[in-house]
file target.txt (compact mmCIF, C-alpha atoms)
# COMPACT_ATOMS: atom_id res chain seq x y z
CA MET A 1105 -46.40 -115.61 93.28
CA ILE A 1106 -42.97 -117.23 93.29
CA LYS A 1107 -41.98 -118.22 96.83
CA ILE A 1108 -38.42 -117.93 98.09
CA VAL A 1109 -36.87 -119.19 101.31
CA HIS A 1110 -33.71 -117.36 102.33
CA TYR A 1111 -30.87 -118.74 104.48
CA ILE A 1112 -28.65 -116.39 106.54
CA ASN A 1113 -26.31 -116.74 109.50
CA GLN A 1114 -26.72 -115.51 113.06
CA PHE A 1115 -24.88 -112.27 112.32
CA TYR A 1116 -27.13 -111.17 109.48
CA GLY A 1117 -30.08 -112.51 111.42
CA GLY A 1118 -29.39 -109.82 114.03
CA ILE A 1119 -28.77 -112.39 116.74
CA GLY A 1120 -25.12 -111.51 117.26
CA GLY A 1121 -21.53 -112.10 116.26
CA GLU A 1122 -19.06 -114.85 117.02
CA GLU A 1123 -20.39 -115.38 120.55
CA PHE A 1124 -23.72 -116.50 119.06
CA ALA A 1125 -22.25 -118.67 116.31
CA ASN A 1126 -23.60 -121.78 118.04
CA HIS A 1127 -27.17 -120.65 117.43
CA LYS A 1128 -29.33 -123.58 116.32
CA PRO A 1129 -31.37 -123.27 113.11
CA GLU A 1130 -34.65 -121.40 113.35
CA ILE A 1131 -37.08 -120.14 110.76
CA ARG A 1132 -38.97 -116.87 110.76
CA GLU A 1133 -41.83 -115.76 108.56
CA GLY A 1134 -40.92 -113.14 105.99
CA VAL A 1135 -37.67 -111.24 105.50
CA VAL A 1136 -34.81 -110.77 107.94
CA GLY A 1137 -31.60 -108.79 107.38
CA PRO A 1138 -30.31 -108.84 103.79
CA GLY A 1139 -33.65 -110.30 102.70
CA MET A 1140 -35.06 -106.78 103.10
CA GLY A 1141 -32.71 -105.49 100.44
CA LEU A 1142 -33.16 -108.55 98.23
CA SER A 1143 -36.91 -108.31 98.47
CA ALA A 1144 -36.77 -104.74 97.16
CA GLN A 1145 -34.74 -105.97 94.19
CA LEU A 1146 -37.32 -108.59 93.28
CA LYS A 1147 -39.86 -105.84 92.59
CA GLY A 1148 -42.91 -107.86 93.52
CA LYS A 1149 -42.10 -110.75 91.19
CA ALA A 1150 -41.29 -113.06 94.06
CA GLU A 1151 -41.76 -113.09 97.78
CA ILE A 1152 -39.34 -114.18 100.48
CA VAL A 1153 -41.82 -116.16 102.52
CA ALA A 1154 -39.44 -117.25 105.26
CA THR A 1155 -35.88 -116.84 106.48
CA VAL A 1156 -33.78 -119.58 108.05
CA ILE A 1157 -31.18 -118.36 110.54
CA CYS A 1158 -28.39 -120.65 111.72
CA GLY A 1159 -25.14 -120.05 113.58
CA ASP A 1160 -22.03 -120.65 111.46
CA THR A 1161 -20.23 -122.74 114.05
CA TYR A 1162 -23.34 -124.79 114.76
CA PHE A 1163 -23.81 -125.55 111.07
CA ASN A 1164 -20.21 -126.52 110.45
CA GLU A 1165 -19.82 -128.63 113.57
CA ASN A 1166 -23.17 -130.41 113.20
CA ILE A 1167 -23.44 -130.42 109.45
CA GLU A 1168 -25.73 -133.44 109.04
CA GLU A 1169 -28.11 -132.46 111.85
CA ALA A 1170 -28.14 -128.87 110.66
CA LYS A 1171 -28.92 -129.87 107.09
CA THR A 1172 -31.72 -132.19 108.17
CA ALA A 1173 -33.24 -129.53 110.42
CA VAL A 1174 -33.02 -126.78 107.82
CA ILE A 1175 -34.45 -128.97 105.04
CA ALA A 1176 -37.44 -129.82 107.24
CA MET A 1177 -38.04 -126.10 107.89
CA VAL A 1178 -37.69 -125.16 104.23
CA LYS A 1179 -40.02 -127.96 103.05
CA LYS A 1180 -42.93 -126.57 105.04
CA TYR A 1181 -42.94 -123.42 102.92
CA ASN A 1182 -42.80 -125.33 99.63
CA PRO A 1183 -40.60 -122.67 97.98
CA ASP A 1184 -39.89 -122.34 94.26
CA ILE A 1185 -36.37 -120.97 94.77
CA PHE A 1186 -33.84 -121.18 97.60
CA VAL A 1187 -31.32 -118.40 98.25
CA ALA A 1188 -28.43 -118.41 100.74
CA GLY A 1189 -26.14 -115.55 101.79
CA PRO A 1190 -24.39 -113.52 100.45
CA ALA A 1191 -21.47 -114.82 102.49
CA PHE A 1192 -18.66 -112.62 101.07
CA ASN A 1193 -15.37 -113.98 102.44
CA ALA A 1194 -16.77 -115.44 105.67
CA GLY A 1195 -15.45 -119.01 105.46
CA ARG A 1196 -17.85 -120.96 107.66
CA TYR A 1197 -20.82 -118.96 106.39
CA GLY A 1198 -19.76 -119.68 102.80
CA VAL A 1199 -19.42 -123.39 103.48
CA ALA A 1200 -22.83 -123.40 105.19
CA CYS A 1201 -24.43 -121.57 102.23
CA GLY A 1202 -22.88 -124.03 99.77
CA ALA A 1203 -23.76 -127.12 101.79
CA ILE A 1204 -27.36 -126.10 102.38
CA CYS A 1205 -27.82 -125.17 98.71
CA GLN A 1206 -26.53 -128.60 97.74
CA ALA A 1207 -28.84 -130.30 100.23
CA VAL A 1208 -31.92 -128.31 99.18
CA LYS A 1209 -31.21 -129.00 95.52
CA ASN A 1210 -30.86 -132.72 96.17
CA GLU A 1211 -33.88 -132.99 98.45
CA LEU A 1212 -36.34 -130.52 96.94
CA ASN A 1213 -35.05 -130.23 93.39
CA ILE A 1214 -35.54 -126.46 93.13
CA PRO A 1215 -33.09 -123.83 91.84
CA VAL A 1216 -30.55 -122.78 94.49
CA ILE A 1217 -28.47 -119.62 94.43
CA THR A 1218 -25.87 -118.19 96.74
CA ALA A 1219 -23.23 -115.47 96.50
CA MET A 1220 -19.72 -115.15 97.89
CA TYR A 1221 -16.15 -114.07 97.28
CA PRO A 1222 -14.27 -116.37 94.84
CA GLU A 1223 -11.70 -117.29 97.49
CA ASN A 1224 -14.30 -118.32 100.06
CA PRO A 1225 -13.72 -122.05 100.75
CA GLY A 1226 -17.41 -122.62 100.08
CA VAL A 1227 -16.77 -121.88 96.40
CA GLU A 1228 -14.29 -124.68 95.86
CA MET A 1229 -16.47 -127.14 97.76
CA TYR A 1230 -19.85 -126.36 96.23
CA VAL A 1231 -19.33 -124.49 92.97
CA LYS A 1232 -20.73 -127.42 91.02
CA ASP A 1233 -23.86 -127.65 93.17
CA ALA A 1234 -25.24 -124.13 93.00
CA TYR A 1235 -25.01 -120.91 91.09
CA ILE A 1236 -22.59 -118.86 93.19
CA LEU A 1237 -22.63 -115.20 92.25
CA GLU A 1238 -19.34 -113.41 92.70
CA THR A 1239 -19.15 -110.76 95.43
CA THR A 1240 -16.42 -108.62 96.96
CA ASN A 1241 -14.65 -109.92 100.06
CA SER A 1242 -16.58 -107.88 102.62
CA ALA A 1243 -20.12 -106.85 103.45
CA ALA A 1244 -19.33 -103.47 101.91
CA GLY A 1245 -20.19 -105.26 98.67
CA MET A 1246 -23.79 -105.88 99.77
CA ARG A 1247 -24.90 -102.89 97.69
CA LYS A 1248 -23.79 -104.65 94.55
CA ALA A 1249 -24.46 -108.24 95.62
CA LEU A 1250 -28.19 -107.82 96.27
CA PRO A 1251 -29.03 -106.22 92.90
CA ALA A 1252 -26.97 -108.98 91.21
CA LEU A 1253 -28.90 -111.66 93.12
CA GLY A 1254 -32.17 -109.92 92.32
CA LYS A 1255 -31.35 -109.82 88.62
CA PHE A 1256 -30.31 -113.46 88.55
CA ILE A 1257 -33.40 -114.63 90.42
CA THR A 1258 -35.59 -112.60 88.08
CA LYS A 1259 -34.05 -114.46 85.15
CA LEU A 1260 -34.86 -117.76 86.80
CA ILE A 1261 -38.43 -116.65 87.45
CA ASN A 1262 -38.87 -115.61 83.83
CA ASN A 1263 -37.38 -118.92 82.68
CA GLU A 1264 -34.75 -117.01 80.75
CA GLU A 1265 -31.72 -118.90 79.62
CA ILE A 1266 -28.78 -118.51 81.98
CA GLY A 1267 -25.76 -117.38 79.98
CA SER A 1268 -22.05 -117.73 80.58
CA PRO A 1269 -20.41 -116.89 83.92
CA GLU A 1270 -19.05 -113.64 82.45
CA GLU A 1271 -22.48 -112.56 81.25
CA GLU A 1272 -24.33 -113.46 84.42
CA GLY A 1273 -21.74 -112.81 87.12
CA TYR A 1274 -21.61 -116.28 88.64
CA ILE A 1275 -18.43 -118.18 89.39
CA PRO A 1276 -17.52 -120.66 86.61
CA ARG A 1277 -18.77 -124.14 87.46
CA GLY A 1278 -16.41 -125.99 85.16
CA ILE A 1279 -19.17 -126.75 82.65
CA ARG A 1280 -18.41 -126.35 78.95
CA VAL A 1281 -21.30 -125.51 76.66
CA ASN A 1282 -21.08 -125.93 72.89
CA TYR A 1283 -21.86 -122.97 70.70
CA PHE A 1284 -21.36 -121.95 67.10
CA ASN A 1285 -18.89 -119.22 66.27
CA GLU A 1286 -18.89 -117.62 62.85
CA ARG A 1287 -15.11 -117.65 62.69
CA ARG A 1288 -13.19 -120.89 62.60
CA GLY A 1289 -10.84 -121.88 65.43
CA SER A 1290 -7.58 -121.36 63.55
CA ALA A 1291 -8.43 -117.73 62.74
CA ARG A 1292 -9.42 -117.03 66.33
CA ALA A 1293 -6.24 -118.68 67.58
CA VAL A 1294 -4.09 -116.50 65.31
CA ASP A 1295 -5.92 -113.42 66.57
CA LEU A 1296 -5.21 -114.42 70.16
CA LEU A 1297 -1.55 -115.03 69.38
CA VAL A 1298 -1.17 -111.68 67.63
CA LYS A 1299 -2.78 -109.92 70.58
CA LYS A 1300 -0.48 -111.74 72.97
CA LEU A 1301 2.61 -110.83 70.95
CA ARG A 1302 1.55 -107.19 70.87
CA GLY A 1303 1.05 -107.24 74.62
CA GLU A 1304 -2.65 -106.49 74.22
CA GLU A 1305 -5.37 -107.88 76.44
CA PHE A 1306 -6.94 -111.12 75.34
CA THR A 1307 -9.27 -113.70 76.79
CA THR A 1308 -8.47 -117.34 76.29
CA GLU A 1309 -11.21 -119.62 75.03
CA TYR A 1310 -9.77 -122.51 77.01
CA PRO A 1311 -8.88 -121.51 80.56
CA MET A 1312 -6.53 -123.89 82.31
CA PRO A 1313 -7.53 -125.23 85.72
CA LEU A 1314 -5.93 -123.49 88.65
CA PHE A 1315 -3.72 -125.65 90.83
CA ASP A 1316 -2.55 -124.52 94.21
CA ASN A 1317 1.06 -124.59 95.26
CA VAL A 1318 2.31 -126.69 98.12
CA ASP A 1319 4.86 -125.03 100.36
CA PRO A 1320 7.95 -127.20 100.83
CA HIS A 1321 8.27 -128.79 104.24
CA ALA A 1322 11.08 -127.68 106.55
CA PRO A 1323 14.22 -129.83 106.08
CA VAL A 1324 14.47 -133.05 108.11
CA GLU A 1325 17.13 -132.24 110.67
CA ASP A 1326 18.02 -135.72 111.83
CA MET A 1327 18.12 -137.99 108.76
CA LYS A 1328 20.14 -140.61 110.61
CA ASN A 1329 17.15 -141.42 112.78
CA ALA A 1330 14.38 -140.57 110.34
CA LYS A 1331 11.81 -143.10 109.17
CA ILE A 1332 11.36 -142.65 105.43
CA ALA A 1333 8.39 -143.76 103.33
CA ILE A 1334 7.91 -143.97 99.57
CA VAL A 1335 4.79 -142.71 97.82
CA THR A 1336 4.57 -142.77 94.04
CA SER A 1337 2.29 -141.80 91.20
CA GLY A 1338 4.48 -143.93 88.91
CA GLY A 1339 2.18 -146.94 89.19
CA ILE A 1340 4.60 -149.48 90.69
CA VAL A 1341 2.62 -152.49 91.95
CA PRO A 1342 3.37 -156.09 92.94
CA LYS A 1343 3.61 -158.26 89.81
CA GLY A 1344 0.16 -158.91 88.38
CA ASN A 1345 -1.35 -155.67 89.77
CA PRO A 1346 -3.45 -157.51 92.38
CA ASP A 1347 -5.83 -154.60 93.08
CA HIS A 1348 -6.27 -153.71 89.40
CA ILE A 1349 -5.17 -150.11 89.71
CA GLU A 1350 -6.20 -148.52 86.41
CA SER A 1351 -3.51 -147.63 83.88
CA SER A 1352 -4.91 -144.10 83.72
CA SER A 1353 -7.54 -142.04 85.56
CA ALA A 1354 -7.01 -144.24 88.60
CA SER A 1355 -9.96 -144.67 90.93
CA LYS A 1356 -7.83 -145.94 93.81
CA TYR A 1357 -4.38 -146.21 95.30
CA GLY A 1358 -2.56 -149.25 96.68
CA LYS A 1359 -0.58 -149.88 99.85
CA TYR A 1360 1.95 -152.70 99.61
CA ASP A 1361 4.35 -154.34 102.02
CA ILE A 1362 8.03 -154.06 101.06
CA SER A 1363 9.43 -155.26 104.36
CA GLY A 1364 10.64 -158.49 102.69
CA PHE A 1365 12.35 -156.75 99.74
CA ASP A 1366 15.90 -155.45 99.44
CA ASP A 1367 15.59 -155.12 95.69
CA LEU A 1368 12.59 -154.98 93.36
CA THR A 1369 12.94 -157.21 90.29
CA GLU A 1370 11.15 -158.11 87.10
CA GLU A 1371 9.73 -161.13 88.92
CA THR A 1372 8.29 -159.24 91.89
CA HIS A 1373 7.14 -155.81 90.67
CA GLU A 1374 5.96 -153.91 87.60
CA THR A 1375 4.20 -150.71 86.71
CA ALA A 1376 0.48 -150.35 86.04
CA HIS A 1377 0.99 -146.89 84.55
CA GLY A 1378 -0.25 -146.42 81.00
CA GLY A 1379 1.27 -143.04 80.32
CA TYR A 1380 4.91 -143.84 79.67
CA ASP A 1381 7.04 -146.59 78.14
CA PRO A 1382 6.94 -149.18 80.94
CA THR A 1383 9.91 -151.23 79.70
CA TYR A 1384 12.49 -149.85 82.13
CA ALA A 1385 10.13 -149.69 85.10
CA ASN A 1386 9.08 -153.29 84.47
CA GLN A 1387 12.71 -154.43 84.21
CA ASP A 1388 13.58 -152.85 87.53
CA SER A 1389 10.92 -151.03 89.55
CA ASP A 1390 13.66 -149.57 91.78
CA ARG A 1391 14.01 -147.07 88.94
CA VAL A 1392 10.71 -145.54 90.05
CA ILE A 1393 10.76 -146.33 93.77
CA PRO A 1394 14.40 -146.76 94.85
CA VAL A 1395 13.94 -149.51 97.47
CA ASP A 1396 17.43 -150.95 96.80
CA VAL A 1397 19.23 -147.65 97.30
CA LEU A 1398 17.22 -146.81 100.40
CA ARG A 1399 18.05 -150.22 101.95
CA ASN A 1400 21.73 -149.46 101.38
CA MET A 1401 21.32 -146.04 102.97
CA VAL A 1402 19.77 -147.64 106.03
CA LYS A 1403 22.74 -150.05 106.26
CA GLU A 1404 25.17 -147.15 105.88
CA GLY A 1405 23.39 -145.30 108.66
CA LYS A 1406 22.43 -142.39 106.41
CA ILE A 1407 18.74 -142.79 107.19
CA GLY A 1408 17.07 -144.39 110.19
CA SER A 1409 14.69 -146.84 108.53
CA LEU A 1410 12.50 -147.45 105.50
CA HIS A 1411 8.77 -147.69 106.20
CA ASN A 1412 7.39 -151.20 105.67
CA TYR A 1413 4.77 -150.07 103.17
CA PHE A 1414 4.78 -147.99 100.02
CA TYR A 1415 1.75 -146.24 98.57
CA THR A 1416 1.14 -146.13 94.85
CA THR A 1417 -1.23 -145.03 92.14
CA THR A 1418 -1.06 -144.01 88.50
CA GLY A 1419 -0.87 -140.28 88.13
CA ASN A 1420 -1.92 -139.87 84.51
CA GLY A 1421 -5.42 -138.55 84.09
CA THR A 1422 -6.07 -138.84 87.81
CA SER A 1423 -8.22 -135.97 88.97
CA VAL A 1424 -6.69 -133.41 91.30
CA ALA A 1425 -9.65 -133.84 93.65
CA ASN A 1426 -8.99 -137.59 93.97
CA ALA A 1427 -5.25 -137.05 94.34
CA LYS A 1428 -5.86 -134.54 97.13
CA LYS A 1429 -8.23 -136.88 98.94
CA TRP A 1430 -5.87 -139.85 98.72
CA GLY A 1431 -2.91 -137.68 99.69
CA ALA A 1432 -4.71 -136.65 102.85
CA GLU A 1433 -5.61 -140.28 103.69
CA ILE A 1434 -2.08 -141.49 103.03
CA ALA A 1435 -0.52 -138.67 105.03
CA LYS A 1436 -2.75 -139.47 107.99
CA GLU A 1437 -1.63 -143.11 107.99
CA LEU A 1438 2.03 -142.18 107.55
CA VAL A 1439 1.90 -139.77 110.45
CA ALA A 1440 0.19 -142.42 112.61
CA ASP A 1441 2.95 -144.88 111.66
CA GLY A 1442 5.64 -142.45 112.82
CA VAL A 1443 7.03 -141.66 109.38
CA ASN A 1444 9.22 -138.54 109.43
CA ALA A 1445 9.61 -137.87 105.72
CA VAL A 1446 8.30 -139.09 102.37
CA ILE A 1447 10.01 -139.50 99.05
CA LEU A 1448 7.45 -138.75 96.38
CA THR A 1449 8.32 -140.08 92.95
CA SER A 1450 6.51 -139.74 89.66
CA THR A 1451 7.62 -141.37 86.42
CA MET B 71 -20.58 -99.59 111.24
CA ASP B 72 -20.50 -102.10 114.04
CA LEU B 73 -23.70 -103.34 115.57
CA GLU B 74 -23.23 -101.73 118.98
CA ILE B 75 -22.63 -98.30 117.46
CA GLN B 76 -25.68 -98.72 115.23
CA LYS B 77 -27.72 -99.52 118.31
CA ARG B 78 -26.48 -96.42 120.13
CA VAL B 79 -27.08 -94.12 117.17
CA LYS B 80 -30.60 -95.53 116.85
CA GLU B 81 -31.26 -94.93 120.55
CA PHE B 82 -29.97 -91.35 120.32
CA ALA B 83 -32.14 -90.71 117.30
CA GLU B 84 -35.16 -91.96 119.21
CA SER B 85 -34.45 -90.18 122.49
CA GLU B 86 -33.08 -86.85 121.24
CA ASP B 87 -34.55 -84.14 119.10
CA LYS B 88 -33.39 -85.20 115.62
CA ASP B 89 -32.98 -81.57 114.51
CA ASN B 90 -30.26 -81.19 117.11
CA LEU B 91 -28.43 -84.33 116.17
CA ILE B 92 -25.50 -84.60 113.81
CA VAL B 93 -23.25 -87.59 113.22
CA ILE B 94 -19.52 -86.98 112.85
CA LEU B 95 -17.43 -89.84 111.56
CA GLY B 96 -13.76 -90.54 112.15
CA GLY B 97 -13.16 -93.61 109.97
CA ALA B 98 -9.77 -93.76 108.30
CA GLU B 99 -10.88 -94.97 104.88
CA ALA B 100 -13.22 -93.47 102.36
CA GLU B 101 -15.17 -96.68 101.76
CA ALA B 102 -15.69 -97.33 105.47
CA ALA B 103 -16.75 -93.70 106.01
CA GLY B 104 -19.18 -94.02 103.12
CA LEU B 105 -20.73 -97.17 104.56
CA ALA B 106 -21.11 -95.56 107.99
CA ALA B 107 -22.67 -92.47 106.43
CA GLU B 108 -25.10 -94.55 104.42
CA THR B 109 -26.00 -96.47 107.57
CA VAL B 110 -27.19 -93.34 109.42
CA LEU B 111 -28.87 -91.91 106.33
CA SER B 112 -30.78 -94.65 104.56
CA GLY B 113 -30.07 -97.66 106.78
CA ASP B 114 -27.41 -100.34 107.14
CA PRO B 115 -26.43 -101.30 103.59
CA THR B 116 -25.11 -104.65 104.85
CA PHE B 117 -28.49 -105.43 106.47
CA ALA B 118 -26.75 -106.87 109.50
CA GLY B 119 -27.41 -104.35 112.26
CA PRO B 120 -30.23 -102.60 114.12
CA LEU B 121 -30.33 -99.94 111.40
CA ALA B 122 -31.09 -102.45 108.63
CA GLY B 123 -34.10 -101.04 106.83
CA VAL B 124 -34.22 -97.99 109.15
CA ALA B 125 -33.68 -94.64 107.40
CA LEU B 126 -32.73 -92.13 110.10
CA ASN B 127 -31.69 -89.49 107.55
CA LEU B 128 -29.36 -87.88 110.08
CA PRO B 129 -26.97 -85.16 108.91
CA VAL B 130 -23.58 -86.84 108.68
CA TYR B 131 -20.07 -85.54 108.04
CA HIS B 132 -16.55 -86.79 108.35
CA VAL B 133 -14.37 -84.89 110.79
CA VAL B 134 -11.88 -83.98 108.04
CA GLU B 135 -14.51 -82.32 105.86
CA PRO B 136 -14.09 -78.54 105.53
CA ILE B 137 -17.56 -77.81 106.91
CA ILE B 138 -16.52 -79.38 110.21
CA LYS B 139 -13.00 -78.06 110.23
CA ASP B 140 -14.15 -74.49 109.57
CA ASN B 141 -16.52 -74.66 112.49
CA CYS B 142 -13.89 -75.76 114.95
CA ASP B 143 -11.40 -73.73 116.95
CA ALA B 144 -8.30 -73.90 114.73
CA GLN B 145 -5.93 -74.65 117.61
CA VAL B 146 -8.10 -77.40 119.05
CA TYR B 147 -8.63 -78.90 115.61
CA ASP B 148 -4.92 -78.89 114.92
CA ASP B 149 -4.15 -80.50 118.29
CA GLN B 150 -6.80 -83.20 117.98
CA ILE B 151 -7.14 -83.88 114.27
CA GLY B 152 -4.07 -82.29 112.66
CA MET B 153 -1.97 -85.43 112.68
CA MET B 154 -4.66 -87.67 111.17
CA GLU B 155 -5.52 -85.01 108.62
CA MET B 156 -1.98 -85.32 107.28
CA VAL B 157 -2.12 -89.12 107.14
CA LEU B 158 -5.60 -89.67 105.68
CA ASP B 159 -6.67 -89.35 102.08
CA VAL B 160 -8.87 -86.35 102.84
CA GLU B 161 -9.90 -85.77 99.24
CA ALA B 162 -11.10 -89.36 98.76
CA ILE B 163 -13.04 -89.23 102.02
CA CYS B 164 -14.70 -85.90 101.12
CA ASN B 165 -15.65 -87.17 97.66
CA GLU B 166 -17.12 -90.35 99.08
CA MET B 167 -19.12 -88.42 101.68
CA ASP B 168 -20.50 -86.05 99.02
CA GLU B 169 -21.44 -88.97 96.84
CA ILE B 170 -23.21 -90.87 99.58
CA ARG B 171 -25.10 -87.79 100.79
CA SER B 172 -26.32 -86.97 97.31
CA SER B 173 -27.22 -90.56 96.44
CA CYS B 174 -29.14 -90.99 99.68
CA ALA B 175 -30.95 -87.69 99.15
CA ALA B 176 -31.94 -88.73 95.64
call {"tool": "encode", "arguments": {"input": "target.txt", "output": "structure tokens"}}
result
Amino acid sequence: MIKIVHYINQFYGGIGGEEFANHKPEIREGVVGPGMGLSAQLKGKAEIVATVICGDTYFNENIEEAKTAVIAMVKKYNPDIFVAGPAFNAGRYGVACGAICQAVKNELNIPVITAMYPENPGVEMYVKDAYILETTNSAAGMRKALPALGKFITKLINNEEIGSPEEEGYIPRGIRVNYFNERRGSARAVDLLVKKLRGEEFTTEYPMPLFDNVDPHAPVEDMKNAKIAIVTSGGIVPKGNPDHIESSSASKYGKYDISGFDDLTEETHETAHGGYDPTYANQDSDRVIPVDVLRNMVKEGKIGSLHNYFYTTTGNGTSVANAKKWGAEIAKELVADGVNAVILTST
Amino acid sequence: MDLEIQKRVKEFAESEDKDNLIVILGGAEAEAAGLAAETVLSGDPTFAGPLAGVALNLPVYHVVEPIIKDNCDAQVYDDQIGMMEMVLDVEAICNEMDEIRSSCAA
């Protein structure tokens, strides 16, 4: 018999709501809460041998301890499959489900499945680590989520091939799989175009990644006293590119002192960027990060001061995930240094 | 249906004669009414509360359903429910209740 261990939070474990969200992980034999419904869906092909219950706040605030504790509990039952949730649109629960699936997969190397609403933050964080079946945003969707989980788990048990996200109902993991189509690409592309022109429904074969929008910051009210910093994805670096920032798909960013510069010149700075004609940026890097103009503005009293450091990387081919991570690190430093506003330049 | 209410319904069902018990719902949306009805019929479909896996099979109606309205004093009903009856999507609620009752009976 296939053995499953199921992870749920304190709410579905019947312990209580928000006031019990600090509940430490515990494991109980057999099914608890949604496991009852899931068990019925498995129709005797697998057994939920134990259920881990952990408070959402406890998990998220003690993530390493929680993972270690839960893994130790799960290991004892030597399961074949690990299931977490469904978490619907509960943010901390979703993150916990994703994180524990990732940990179980890494430690025990068994299939891990969870289910949640596509906008749950757990999806973005862990979609590559586990199959995440799509659910509605509230527990009202349990009626559909459990049969979907049951069906998916049954496929795993039977060693059936897992098809595309559309066929199986899981959230796309960003993995492309080759397949043969009887019709060549150009013919399919023309079909898509004709459908589009006719206003008919069509499904792209090449979905674009979704990027979030950043809300503009409120205007800086007192520019005369503001400390301004420069951050660029245009690849400007001190001459010789001392930290070897890659010309594309950068793996790092640089932070360089400009306190001694009123003007960037061919002798002092250049661009490391490999995605545009560097001639004009190499001649005068002020064209990408306007240090000269900003110095003048400080002298004229238009802005308070220019921050002593600028941050730089090459933006071409750089992953959004890296850019986000670096942006957060840079912002933290800038805030700590008392910077009031940033001029962000590209190429 | 919230966990406290589930607990109270369960206690009533255990302490009272079930033949003399009927659940009347007042939820404002069809889906929520349907979930509450299912909870007291075949058990909590979200498996979160005391009625998870407990099928009480209690008779359950929404207060805007004709069977309830027709059994109430018209004046009292109008005073107490009339306003909400105008605001709610009565047809959607009635359809949902019918559907849940028949699917739970099946």
call {"tool": "closest_residue", "arguments": {"input": "target.txt", "among": "A:Ile1119, A:Ala1243, A:Val1324, A:Ala1170", "to": "chain B", "atoms": "only C-alpha atoms"}}
result
A:Ala1243
call {"tool": "interface_residues", "arguments": {"input": "target.txt", "of": "chain B", "to": "chain A", "cutoff": "8 Å", "atoms": "all atoms listed in the file", "output": "list in words"}}
result
Glu101, Ala102, Leu105, Pro115, Thr116, Phe117, Ala118, Gly119, Pro120, Ala122 and Gly123 of chain B
call {"tool": "atom_distance", "arguments": {"input": "target.txt", "atom1": "atom CA of Gly1442 of chain A", "atom2": "atom CA of Asp1366 of chain A"}}
result
21.3 Å
call {"tool": "atom_distance", "arguments": {"input": "target.txt", "atom1": "atom CA of Glu1151 of chain A", "atom2": "atom CA of Met1105 of chain A"}}
result
6.9 Å
call {"tool": "atom_distance", "arguments": {"input": "target.txt", "atom1": "atom CA of Leu121 of chain B", "atom2": "atom CA of Glu108 of chain B"}}
result
10.3 Å
call {"tool": "residues_near_point", "arguments": {"input": "target.txt", "point": "(-31.3, -87.9, 119.2)", "cutoff": "12 Å", "atoms": "all atoms listed in the file", "output": "PyMOL selection string"}}
result
chain B and resi 78-93+110+126-129
call {"tool": "residues_around", "arguments": {"input": "target.txt", "residues": "Met167 of chain B", "least_positions_apart": "5", "cutoff": "12 Å", "atoms": "only C-alpha atoms", "output": "JSON, numbers by chain"}}
result
{"B": [94, 95, 96, 97, 99, 100, 101, 102, 103, 104, 105, 106, 107, 108, 111, 129, 130, 131, 132, 133, 134, 135, 136, 137, 160, 161, 162, 172, 173, 174]}
call {"tool": "write_last_selection", "arguments": {"input": "target.txt", "atoms": "C-alpha atoms", "output": "short mmCIF file (atom, residue, chain, number, x, y, z; two decimals), in the frame of the given file"}}
result
data_model
loop_
_atom_site.label_atom_id
_atom_site.label_comp_id
_atom_site.auth_asym_id
_atom_site.auth_seq_id
_atom_site.Cartn_x
_atom_site.Cartn_y
_atom_site.Cartn_z
CA ILE B 94 -19.52 -86.98 112.85
CA LEU B 95 -17.43 -89.84 111.56
CA GLY B 96 -13.76 -90.54 112.15
CA GLY B 97 -13.16 -93.61 109.97
CA GLU B 99 -10.88 -94.97 104.88
CA ALA B 100 -13.22 -93.47 102.36
CA GLU B 101 -15.17 -96.68 101.76
CA ALA B 102 -15.69 -97.33 105.47
CA ALA B 103 -16.75 -93.70 106.01
CA GLY B 104 -19.18 -94.02 103.12
CA LEU B 105 -20.73 -97.17 104.56
CA ALA B 106 -21.11 -95.56 107.99
CA ALA B 107 -22.67 -92.47 106.43
CA GLU B 108 -25.10 -94.55 104.42
CA LEU B 111 -28.87 -91.91 106.33
CA PRO B 129 -26.97 -85.16 108.91
CA VAL B 130 -23.58 -86.84 108.68
CA TYR B 131 -20.07 -85.54 108.04
CA HIS B 132 -16.55 -86.79 108.35
CA VAL B 133 -14.37 -84.89 110.79
CA VAL B 134 -11.88 -83.98 108.04
CA GLU B 135 -14.51 -82.32 105.86
CA PRO B 136 -14.09 -78.54 105.53
CA ILE B 137 -17.56 -77.81 106.91
CA VAL B 160 -8.87 -86.35 102.84
CA GLU B 161 -9.90 -85.77 99.24
CA ALA B 162 -11.10 -89.36 98.76
CA SER B 172 -26.32 -86.97 97.31
CA SER B 173 -27.22 -90.56 96.44
CA CYS B 174 -29.14 -90.99 99.68
#
call {"tool": "build_atoms", "arguments": {"input": "target.txt", "residues": "segment 146-150 of chain B", "atoms": "N, CA and C atoms", "output": "tab-separated table (two decimals), in the coordinates of the input"}}
result
chain	number	residue	atom	x	y	z
B	146	VAL	N	-7.59	-76.11	118.55
B	146	VAL	CA	-8.10	-77.40	119.05
B	146	VAL	C	-8.11	-78.43	117.93
B	147	TYR	N	-8.57	-77.99	116.75
B	147	TYR	CA	-8.63	-78.90	115.61
B	147	TYR	C	-7.23	-79.42	115.28
B	148	ASP	N	-6.29	-78.49	115.26
B	148	ASP	CA	-4.92	-78.89	114.92
B	148	ASP	C	-4.36	-79.88	115.95
B	149	ASP	N	-4.64	-79.61	117.23
B	149	ASP	CA	-4.15	-80.50	118.29
B	149	ASP	C	-4.77	-81.89	118.16
B	150	GLN	N	-6.07	-81.92	117.92
B	150	GLN	CA	-6.80	-83.20	117.98
B	150	GLN	C	-6.81	-83.96	116.65
